[in-house]
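input_13.csv, holding CSV, C-alpha atoms and all ligand atoms:
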```
chain,number,residue,atom,x,y,z
A,1,MET,CA,15.1,-26.5,5.7
A,2,ASP,CA,12.4,-26.4,3.1
A,3,VAL,CA,11.9,-23.5,0.8
A,4,TYR,CA,8.5,-22.3,-0.3
A,5,GLY,CA,7.7,-19.1,-2.0
A,6,LEU,CA,5.7,-16.9,-4.4
A,7,ILE,CA,6.2,-16.1,-8.0
A,8,GLY,CA,4.6,-13.1,-9.5
A,9,ASN,CA,5.4,-9.7,-11.0
A,10,PRO,CA,5.3,-7.6,-8.9
A,11,VAL,CA,5.4,-9.4,-5.5
A,12,GLY,CA,6.9,-6.6,-3.4
A,13,HIS,CA,3.8,-6.0,-1.3
A,14,SER,CA,2.7,-9.6,-0.8
A,15,LEU,CA,1.3,-10.6,2.5
A,16,SER,CA,2.0,-14.3,1.9
A,17,PRO,CA,5.6,-14.4,3.5
A,18,PRO,CA,4.5,-13.3,7.0
A,19,MET,CA,1.3,-15.4,6.8
A,20,HIS,CA,3.2,-18.6,5.9
A,21,GLU,CA,6.2,-18.1,8.1
A,22,ALA,CA,3.8,-17.6,11.1
A,23,ALA,CA,2.4,-21.0,10.1
A,24,TYR,CA,5.8,-22.7,10.1
A,25,ASP,CA,6.6,-21.2,13.5
A,26,ALA,CA,3.3,-22.3,14.9
A,27,VAL,CA,3.7,-25.9,13.9
A,28,GLY,CA,7.5,-26.2,14.1
A,29,VAL,CA,8.2,-26.7,10.4
A,30,ASP,CA,11.8,-25.8,9.5
A,31,ALA,CA,11.0,-23.7,6.4
A,32,ARG,CA,11.3,-20.3,4.8
A,33,TYR,CA,8.9,-18.5,2.4
A,34,VAL,CA,10.5,-16.2,-0.1
A,35,THR,CA,9.3,-14.1,-3.1
A,36,PHE,CA,10.6,-14.4,-6.7
A,37,GLU,CA,9.9,-12.0,-9.5
A,38,PRO,CA,10.7,-13.6,-12.8
A,39,ALA,CA,10.4,-11.6,-16.1
A,40,VAL,CA,6.9,-11.9,-17.5
A,41,ASP,CA,8.1,-14.2,-20.3
A,42,ALA,CA,10.3,-16.4,-18.1
A,43,VAL,CA,7.8,-18.2,-15.9
A,44,GLY,CA,8.3,-21.7,-17.5
A,45,ALA,CA,12.1,-21.4,-16.8
A,46,ALA,CA,11.4,-20.1,-13.3
A,47,VAL,CA,9.2,-23.1,-12.4
A,48,GLU,CA,11.6,-25.7,-13.9
A,49,GLY,CA,14.5,-23.9,-12.1
A,50,ALA,CA,12.6,-24.0,-8.8
A,51,ASP,CA,11.9,-27.7,-9.3
A,52,ALA,CA,15.6,-28.4,-10.1
A,53,LEU,CA,16.7,-26.5,-7.0
A,54,GLY,CA,14.4,-28.5,-4.7
A,55,VAL,CA,12.0,-25.8,-3.9
A,56,ALA,CA,9.2,-27.6,-2.1
A,57,GLY,CA,6.2,-25.4,-3.1
A,58,LEU,CA,5.3,-22.2,-4.8
A,59,ASN,CA,2.3,-19.9,-4.8
A,60,VAL,CA,1.6,-18.2,-8.1
A,61,THR,CA,0.1,-14.7,-8.5
A,62,VAL,CA,-0.5,-12.1,-11.2
A,63,PRO,CA,0.3,-12.3,-14.1
A,64,PHE,CA,1.3,-16.0,-14.1
A,65,LYS,CA,-1.7,-18.0,-12.9
A,66,ARG,CA,-3.0,-18.9,-16.4
A,67,ASP,CA,0.5,-19.4,-17.9
A,68,VAL,CA,1.5,-21.9,-15.1
A,69,ALA,CA,-1.7,-23.9,-15.6
A,70,ALA,CA,-0.7,-24.3,-19.3
A,71,LEU,CA,2.9,-25.5,-18.6
A,72,ASP,CA,3.6,-29.1,-19.8
A,73,ALA,CA,5.6,-29.7,-16.6
A,74,VAL,CA,2.6,-29.0,-14.4
A,75,ARG,CA,-0.3,-31.4,-13.8
A,76,ALA,CA,-3.2,-29.2,-12.7
A,77,ASP,CA,-5.9,-30.9,-10.6
A,78,ALA,CA,-9.5,-31.1,-12.0
A,79,LEU,CA,-10.8,-27.8,-10.6
A,80,ALA,CA,-7.6,-25.8,-11.4
A,81,SER,CA,-7.8,-27.2,-15.0
A,82,ALA,CA,-11.4,-26.2,-15.3
A,83,VAL,CA,-10.7,-22.7,-13.9
A,84,GLY,CA,-7.7,-22.5,-16.2
A,85,ALA,CA,-5.5,-21.0,-13.5
A,86,VAL,CA,-3.0,-22.4,-10.9
A,87,ASN,CA,-2.0,-20.5,-7.7
A,88,THR,CA,-0.3,-23.3,-5.8
A,89,LEU,CA,2.5,-25.6,-7.1
A,90,ASP,CA,3.5,-28.7,-5.2
A,91,PHE,CA,6.9,-30.0,-6.3
A,92,ALA,CA,6.3,-33.4,-4.5
A,93,GLY,CA,9.4,-32.9,-2.5
A,94,ASP,CA,10.1,-34.5,0.8
A,95,ALA,CA,8.5,-32.2,3.4
A,96,VAL,CA,11.3,-32.9,5.8
A,97,THR,CA,14.4,-32.5,3.7
A,98,GLY,CA,13.1,-30.5,0.8
A,99,HIS,CA,14.8,-32.9,-1.6
A,100,ASN,CA,12.8,-33.2,-4.8
A,101,THR,CA,11.8,-36.6,-6.0
A,102,ASP,CA,12.5,-35.3,-9.6
A,103,VAL,CA,9.9,-37.6,-11.2
A,104,GLU,CA,8.9,-36.1,-14.5
A,105,GLY,CA,5.5,-34.5,-14.3
A,106,SER,CA,5.7,-34.6,-10.5
A,107,ILE,CA,4.7,-30.9,-10.2
A,108,THR,CA,1.0,-30.7,-9.3
A,109,GLY,CA,-1.0,-27.5,-9.6
A,110,HIS,CA,-4.0,-26.4,-7.5
A,111,ASN,CA,-6.2,-23.3,-7.3
A,112,THR,CA,-6.7,-22.6,-3.7
A,113,ASP,CA,-8.5,-19.3,-4.4
A,114,VAL,CA,-11.4,-21.8,-5.1
A,115,GLU,CA,-11.2,-23.3,-1.6
A,116,GLY,CA,-10.4,-19.9,-0.1
A,117,ALA,CA,-13.7,-18.4,-1.1
A,118,VAL,CA,-15.8,-21.4,-0.2
A,119,ARG,CA,-14.1,-21.9,3.2
A,120,ALA,CA,-14.4,-18.1,4.0
A,121,LEU,CA,-18.2,-18.2,3.2
A,122,ARG,CA,-18.7,-21.4,5.3
A,123,GLU,CA,-16.5,-20.8,8.2
A,124,GLN,CA,-16.7,-17.0,8.7
A,125,GLY,CA,-20.1,-16.4,7.1
A,126,GLY,CA,-21.9,-19.6,8.3
A,127,ALA,CA,-23.2,-20.1,4.8
A,128,SER,CA,-24.6,-23.4,3.6
A,129,ILE,CA,-23.4,-23.6,0.0
A,130,ALA,CA,-25.0,-26.8,-1.2
A,131,GLY,CA,-28.5,-25.9,-2.5
A,132,SER,CA,-28.0,-22.2,-2.1
A,133,THR,CA,-28.2,-19.5,-4.8
A,134,ALA,CA,-25.1,-17.4,-5.2
A,135,VAL,CA,-24.4,-14.3,-7.2
A,136,VAL,CA,-20.8,-13.7,-8.2
A,137,VAL,CA,-20.0,-10.2,-9.5
A,138,GLY,CA,-16.9,-10.4,-11.7
A,139,ALA,CA,-15.6,-12.8,-14.3
A,140,GLY,CA,-11.9,-12.2,-14.2
A,141,GLY,CA,-9.4,-14.5,-12.3
A,142,ALA,CA,-11.1,-14.3,-8.9
A,143,GLY,CA,-14.6,-14.5,-10.4
A,144,ARG,CA,-13.7,-17.7,-12.3
A,145,ALA,CA,-12.3,-19.3,-9.1
A,146,VAL,CA,-15.3,-18.3,-7.0
A,147,ALA,CA,-17.9,-19.4,-9.6
A,148,PHE,CA,-16.3,-22.8,-10.1
A,149,GLY,CA,-15.8,-23.3,-6.3
A,150,LEU,CA,-19.4,-22.4,-5.5
A,151,ALA,CA,-20.8,-24.6,-8.3
A,152,ASP,CA,-18.6,-27.5,-7.3
A,153,ALA,CA,-19.9,-27.1,-3.7
A,154,GLY,CA,-23.5,-27.3,-5.0
A,155,ALA,CA,-24.7,-23.7,-5.4
A,156,VAL,CA,-26.7,-22.4,-8.3
A,157,VAL,CA,-24.4,-19.7,-9.6
A,158,ARG,CA,-25.3,-16.5,-11.4
A,159,VAL,CA,-22.4,-14.4,-12.7
A,160,ALA,CA,-22.8,-10.7,-13.4
A,161,ASN,CA,-20.0,-8.8,-15.1
A,162,ARG,CA,-19.4,-5.4,-16.7
A,163,THR,CA,-18.4,-7.2,-19.9
A,164,GLU,CA,-21.4,-9.4,-20.3
A,165,SER,CA,-19.9,-11.9,-22.7
A,166,ARG,CA,-17.2,-12.9,-20.1
A,167,ALA,CA,-20.0,-13.7,-17.6
A,168,THR,CA,-22.0,-15.8,-20.1
A,169,ASP,CA,-18.8,-17.6,-21.2
A,170,LEU,CA,-17.9,-18.3,-17.6
A,171,ALA,CA,-21.4,-19.6,-16.8
A,172,ALA,CA,-21.3,-21.9,-19.8
A,173,ALA,CA,-17.8,-23.2,-18.8
A,174,VAL,CA,-19.1,-23.9,-15.3
A,175,GLU,CA,-22.1,-25.9,-16.6
A,176,ARG,CA,-19.8,-27.8,-19.0
A,177,GLU,CA,-17.1,-28.7,-16.5
A,178,VAL,CA,-18.9,-29.2,-13.2
A,179,ASP,CA,-21.2,-32.2,-12.8
A,180,ASP,CA,-24.9,-31.2,-12.3
A,181,ALA,CA,-24.0,-27.4,-12.2
A,182,THR,CA,-26.6,-24.7,-12.9
A,183,ALA,CA,-25.1,-21.4,-13.9
A,184,SER,CA,-26.1,-18.3,-15.8
A,185,GLY,CA,-24.4,-15.1,-16.8
A,186,GLY,CA,-25.5,-11.5,-17.4
A,187,GLY,CA,-24.5,-7.9,-17.2
A,188,LEU,CA,-24.3,-5.8,-14.1
A,189,ASP,CA,-27.9,-4.7,-14.6
A,190,ALA,CA,-29.0,-8.2,-13.6
A,191,ILE,CA,-27.7,-7.8,-10.1
A,192,ASP,CA,-30.8,-6.3,-8.5
A,193,ALA,CA,-33.1,-9.0,-9.5
A,194,TRP,CA,-30.6,-11.8,-8.9
A,195,VAL,CA,-29.6,-10.6,-5.4
A,196,ALA,CA,-33.3,-10.4,-4.3
A,197,ASP,CA,-33.6,-14.2,-4.0
A,198,ALA,CA,-29.9,-15.0,-3.4
A,199,ASP,CA,-28.4,-16.5,-0.3
A,200,VAL,CA,-24.7,-15.7,-1.1
A,201,LEU,CA,-23.2,-12.7,-2.8
A,202,VAL,CA,-19.5,-12.4,-3.7
A,203,ASN,CA,-17.8,-9.3,-5.2
A,204,ALA,CA,-14.9,-10.7,-7.3
A,205,THR,CA,-14.3,-7.4,-9.2
A,206,SER,CA,-11.6,-4.9,-8.2
A,207,VAL,CA,-14.3,-2.3,-7.6
A,208,GLY,CA,-13.8,-0.9,-4.1
A,209,MET,CA,-10.0,-1.0,-4.1
A,210,GLU,CA,-9.1,2.4,-5.4
A,211,ALA,CA,-12.2,4.3,-4.4
A,212,ASP,CA,-15.1,4.0,-1.9
A,213,VAL,CA,-17.5,2.6,-4.5
A,214,THR,CA,-19.4,-0.7,-4.9
A,215,PRO,CA,-20.6,-2.7,-7.8
A,216,VAL,CA,-23.8,-3.7,-6.0
A,217,PRO,CA,-26.7,-1.1,-5.5
A,218,ALA,CA,-27.2,-0.8,-1.7
A,219,GLY,CA,-31.0,-1.2,-2.2
A,220,ALA,CA,-30.5,-4.7,-3.5
A,221,LEU,CA,-29.0,-6.0,-0.3
A,222,HIS,CA,-31.0,-7.8,2.4
A,223,ALA,CA,-30.6,-9.5,5.8
A,224,ASP,CA,-30.7,-13.1,4.4
A,225,LEU,CA,-27.4,-12.7,2.5
A,226,VAL,CA,-23.9,-13.8,3.3
A,227,VAL,CA,-21.7,-11.3,1.5
A,228,LEU,CA,-18.0,-11.9,0.7
A,229,ASP,CA,-15.9,-9.1,-0.8
A,230,ALA,CA,-12.7,-10.5,-2.4
A,231,VAL,CA,-11.2,-7.0,-2.1
A,232,TYR,CA,-9.0,-6.9,1.0
A,233,ALA,CA,-7.4,-3.5,0.8
A,234,PRO,CA,-9.3,-1.8,2.2
A,235,LEU,CA,-10.7,-4.4,4.5
A,236,GLU,CA,-13.9,-2.6,5.1
A,237,THR,CA,-15.3,-1.8,1.7
A,238,ARG,CA,-18.4,0.2,0.8
A,239,LEU,CA,-20.1,-3.1,-0.2
A,240,LEU,CA,-19.5,-4.6,3.2
A,241,ARG,CA,-20.6,-1.4,5.0
A,242,ASP,CA,-23.8,-1.4,2.9
A,243,ALA,CA,-24.3,-5.1,3.5
A,244,ALA,CA,-23.9,-4.7,7.3
A,245,ALA,CA,-26.4,-1.8,7.2
A,246,ALA,CA,-28.9,-4.1,5.5
A,247,GLY,CA,-28.5,-6.7,8.2
A,248,ALA,CA,-26.5,-9.2,6.0
A,249,THR,CA,-23.6,-11.3,7.3
A,250,THR,CA,-20.3,-9.9,6.0
A,251,VAL,CA,-17.0,-11.6,5.3
A,252,ASP,CA,-14.0,-9.5,4.3
A,253,GLY,CA,-11.4,-10.4,1.7
A,254,ALA,CA,-8.7,-11.2,4.2
A,255,TRP,CA,-10.6,-14.4,5.1
A,256,MET,CA,-10.5,-15.6,1.5
A,257,LEU,CA,-6.8,-14.7,1.4
A,258,LEU,CA,-6.2,-16.6,4.7
A,259,HIS,CA,-8.1,-19.7,3.6
A,260,GLN,CA,-6.3,-19.9,0.2
A,261,GLY,CA,-3.0,-19.7,2.1
A,262,ALA,CA,-4.2,-22.3,4.6
A,263,ALA,CA,-5.2,-24.7,1.8
A,264,ALA,CA,-1.8,-24.3,0.1
A,265,PHE,CA,-0.1,-25.1,3.5
A,266,GLU,CA,-2.2,-28.2,3.7
A,267,HIS,CA,-1.3,-29.3,0.2
A,268,TRP,CA,2.4,-28.8,0.9
A,269,THR,CA,2.8,-30.2,4.4
A,270,GLY,CA,-0.1,-32.5,4.8
A,271,GLU,CA,-0.7,-30.9,8.2
A,272,ASP,CA,-3.7,-29.0,9.6
A,273,PRO,CA,-3.0,-25.4,9.0
A,274,PRO,CA,-2.7,-23.2,12.1
A,275,VAL,CA,-5.3,-20.7,10.9
A,276,GLY,CA,-5.3,-18.6,14.1
A,277,ALA,CA,-1.6,-17.8,13.8
A,278,MET,CA,-1.8,-17.2,10.1
A,279,ASN,CA,-4.8,-14.9,10.5
A,280,ASP,CA,-3.0,-12.9,13.3
A,281,ALA,CA,0.0,-12.4,11.0
A,282,LEU,CA,-2.1,-11.4,8.1
A,283,ARG,CA,-4.2,-8.9,9.9
A,284,ALA,CA,-1.2,-7.4,11.7
A,285,HIS,CA,0.2,-6.5,8.2
A,286,LEU,CA,-3.2,-5.5,6.8
A,287,ASP,CA,-3.9,-3.2,9.7
A,288,ALA,CA,-0.4,-1.7,9.6
B,1,LIG,P1,-9.0,-9.4,-13.0
B,1,LIG,O1,-8.8,-10.8,-13.6
B,1,LIG,O2,-8.3,-8.2,-13.6
B,1,LIG,O3,-10.6,-9.1,-13.1
B,1,LIG,C1,-11.2,-7.9,-12.8
B,1,LIG,C2,-12.7,-8.0,-12.7
B,1,LIG,O4,-13.2,-6.7,-12.2
B,1,LIG,C3,-13.4,-8.2,-14.0
B,1,LIG,O5,-14.5,-8.9,-13.8
B,1,LIG,C4,-13.7,-6.8,-14.5
B,1,LIG,O6,-14.8,-6.7,-15.4
B,1,LIG,C5,-14.1,-6.1,-13.2
B,1,LIG,N1,-14.0,-4.7,-13.1
B,1,LIG,C6,-12.8,-4.0,-13.1
B,1,LIG,N2,-13.1,-2.7,-13.1
B,1,LIG,C7,-14.5,-2.5,-13.1
B,1,LIG,C8,-15.4,-1.5,-13.0
B,1,LIG,N3,-14.9,-0.2,-12.9
B,1,LIG,N4,-16.7,-1.7,-13.0
B,1,LIG,C9,-17.2,-3.0,-13.0
B,1,LIG,N5,-16.3,-4.1,-13.0
B,1,LIG,C10,-15.0,-3.9,-13.1
B,1,LIG,O7,-8.7,-9.3,-11.5
B,1,LIG,P2,-8.8,-10.5,-10.4
B,1,LIG,O8,-7.5,-11.2,-10.3
B,1,LIG,O9,-10.0,-11.3,-10.7
B,1,LIG,O10,-9.0,-9.7,-9.0
B,1,LIG,C11,-10.3,-9.1,-8.7
B,1,LIG,C12,-10.2,-8.6,-7.3
B,1,LIG,O11,-10.2,-9.8,-6.4
B,1,LIG,C13,-9.0,-7.8,-6.9
B,1,LIG,O12,-9.4,-6.8,-6.0
B,1,LIG,C14,-8.1,-8.8,-6.2
B,1,LIG,O13,-7.3,-8.2,-5.2
B,1,LIG,C15,-9.1,-9.6,-5.5
B,1,LIG,N6,-8.7,-11.0,-5.1
B,1,LIG,C16,-8.7,-11.3,-3.8
B,1,LIG,C17,-8.3,-12.6,-3.5
B,1,LIG,C18,-8.4,-12.9,-2.0
B,1,LIG,O14,-7.8,-14.0,-1.6
B,1,LIG,N7,-9.1,-12.2,-1.2
B,1,LIG,C19,-7.8,-13.5,-4.4
B,1,LIG,C20,-7.8,-13.1,-5.8
B,1,LIG,C21,-8.2,-11.8,-6.1
B,1,LIG,P3,-14.5,-6.8,-17.0
B,1,LIG,O15,-14.4,-8.2,-17.3
B,1,LIG,O16,-15.6,-6.1,-17.6
B,1,LIG,O17,-13.2,-6.1,-17.3
```

Do you think you could lay out the structure here as C-alpha cells?
Amino acid sequence: MDVYGLIGNPVGHSLSPPMHEAAYDAVGVDARYVTFEPAVDAVGAAVEGADALGVAGLNVTVPFKRDVAALDAVRADALASAVGAVNTLDFAGDAVTGHNTDVEGSITGHNTDVEGAVRALREQGGASIAGSTAVVVGAGGAGRAVAFGLADAGAVVRVANRTESRATDLAAAVEREVDDATASGGGLDAIDAWVADADVLVNATSVGMEADVTPVPAGALHADLVVLDAVYAPLETRLLRDAAAAGATTVDGAWMLLHQGAAAFEHWTGEDPPVGAMNDALRAHLDA
C-alpha cells in the first residue's frame, strides 16, 4: 500500500483526504491519504522523515509552501521555483510498492495550484488563455500561482492588490521568469479600467470568505469575462453572483481545488486522474 498525505498546520478541515481516496478507489490504486501537522519550525525534518519512511507523495499547505520550496532536499520544477512555493512533493517512490528509491535529491516539488487555476478556467470556463488578457486580484500565495500560470499559458497578466508594491513586485517577477511574458501591477483602484477590456478575471484574495463582500466592483463586470473565484467556502461568492448577473461565465473555487488535486495525482501515479469521482467527493464535503 502507498501512503500519500498532506502537511500543513492546521490540516484538520482539509478536503484533500476524501478527494484523493475517491481517486484511489476509482482507479484501483492501493493507497491511503493521511494528514500530518508538524510544528511550524519542523517542516524540514518532517519532509526528510516522510522520505525515509517511504511516503510516496505529499501535498503541502499553509504555512509551509514557501519553506518546502527552499529545502535543499527538494528540487522544485521551473514554475514552482519561479512562484517560490511548492504544494506537491513526489518522493520518486515506486508507485506499486511505495518503496523509496532513496536517491539523494530525488524529492521533486511542483506547484499544482498553477495548473489548477489554468485547467479550471479552460475546462469549466471554456477560456482560451493564450493571447487573452487576464486580471488577477491578489498577490499572496494564490495570486502568485495564478499570475505565473496564466502568463506561462500565454496571457497578458495584470495584477491588482491591496498592497500595491506586492502587485508590482509580482508582475516584475513574472516578466523576469516567464519567457515573453507581459505583466503589470497596480492597486485595487486599477481594477475597473483593467477589467473593462479583460477576457479573464481571477479573485485570488481571501475577500469573500468571511463576509458576503467582493474585491471587484459589480459595475466593472461584463458578459465577455470568464471569472474564477479561488475562494471555495462559500462556493457561491458575491463576486460570482455579480459576475453571473452581468452575463459572465463563472467558475467556482472548488474547480481550482479539484484540478490542483488531479494534477498532483497525475504527478504521483502517472495515471489519468478520475476527475469525476474526485469532484463528487469534494462537492459532497463542501455541500455538507
Ligand atoms: P495569502 O497569501 O494570505 O494572500 C491573501 C491575499 O488577499 C493578499 O493578496 C491580500 O492582500 C489579500 N487580502 C486579504 N484581505 C484583503 C482585504 N480585506 N481587501 C483586499 N485584499 C485583501 O492567502 P492565499 O494563500 O493567497 O489565499 C487566498 C485565497 O485563495 C484564500 O481564500 C484561499 O482559500 C484561496 N485559495 C484557493 C485555492 C483553490 O484551490 N481554490 C488554492 C489556494 C488558495 P495584501 O497583499 O494587501 O495583504

Exercise for the section: Counting all atoms listed in the file, figure out which residue out of A:Asp25, A:Gly12, A:Val3, A:Thr35 gets nearest to A:Ala281. Expected result: A:Asp25

Practice task
Compute the set of protein, DNA and RNA residues whose minimum atom distance to ligand LIG 1 (chain B) is at most 8 Å, using all atoms listed in the file, and state it as a PyMOL selection string.
Solution key: chain A and resi 62+113+116-117+137-144+161-164+166-167+188+203-209+215+229-233+252-260

Practice task
Taking (0.5, -15.6, -8.7) in the file's own coordinates, collect the residues within 9 Å, counting all atoms listed in the file, and hand them back as a list in words.
Solution key: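 Taken together, the residues in range are Leu6, Ile7, Gly8, Asn9, Val11, Asn59, Val60, Thr61, Val62, Pro63, Phe64, Lys65, Val86, Asn87 and Thr88 of chain A.
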
Completion exercise
atom CA of A:Thr182 to atom CA of A:Leu225 measures 19.5 Å

Practice task
Quick one: everything within 10 Å of A:Asp179, counting all atoms listed in the file, minus sequence neighbours fewer than 4 positions away in the same chain. Send it as a list in words.
Solution key: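 Selected residues are Ala151, Asp152, Gly154, Val174 and Glu175 of chain A.
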
Practice task
Name the residues within 12 Å of (-16.8, 1.1, 5.6), counting all atoms listed in the file in the file's coordinates, and put them as a ChimeraX atom specification.
Solution key: /A:208,211-214,233-245,250,252

Problem - Coordinates-based distance that separates atom CA of A:Tyr24 from atom CA of A:Val275 (Å, one decimal) - result: 11.3 Å
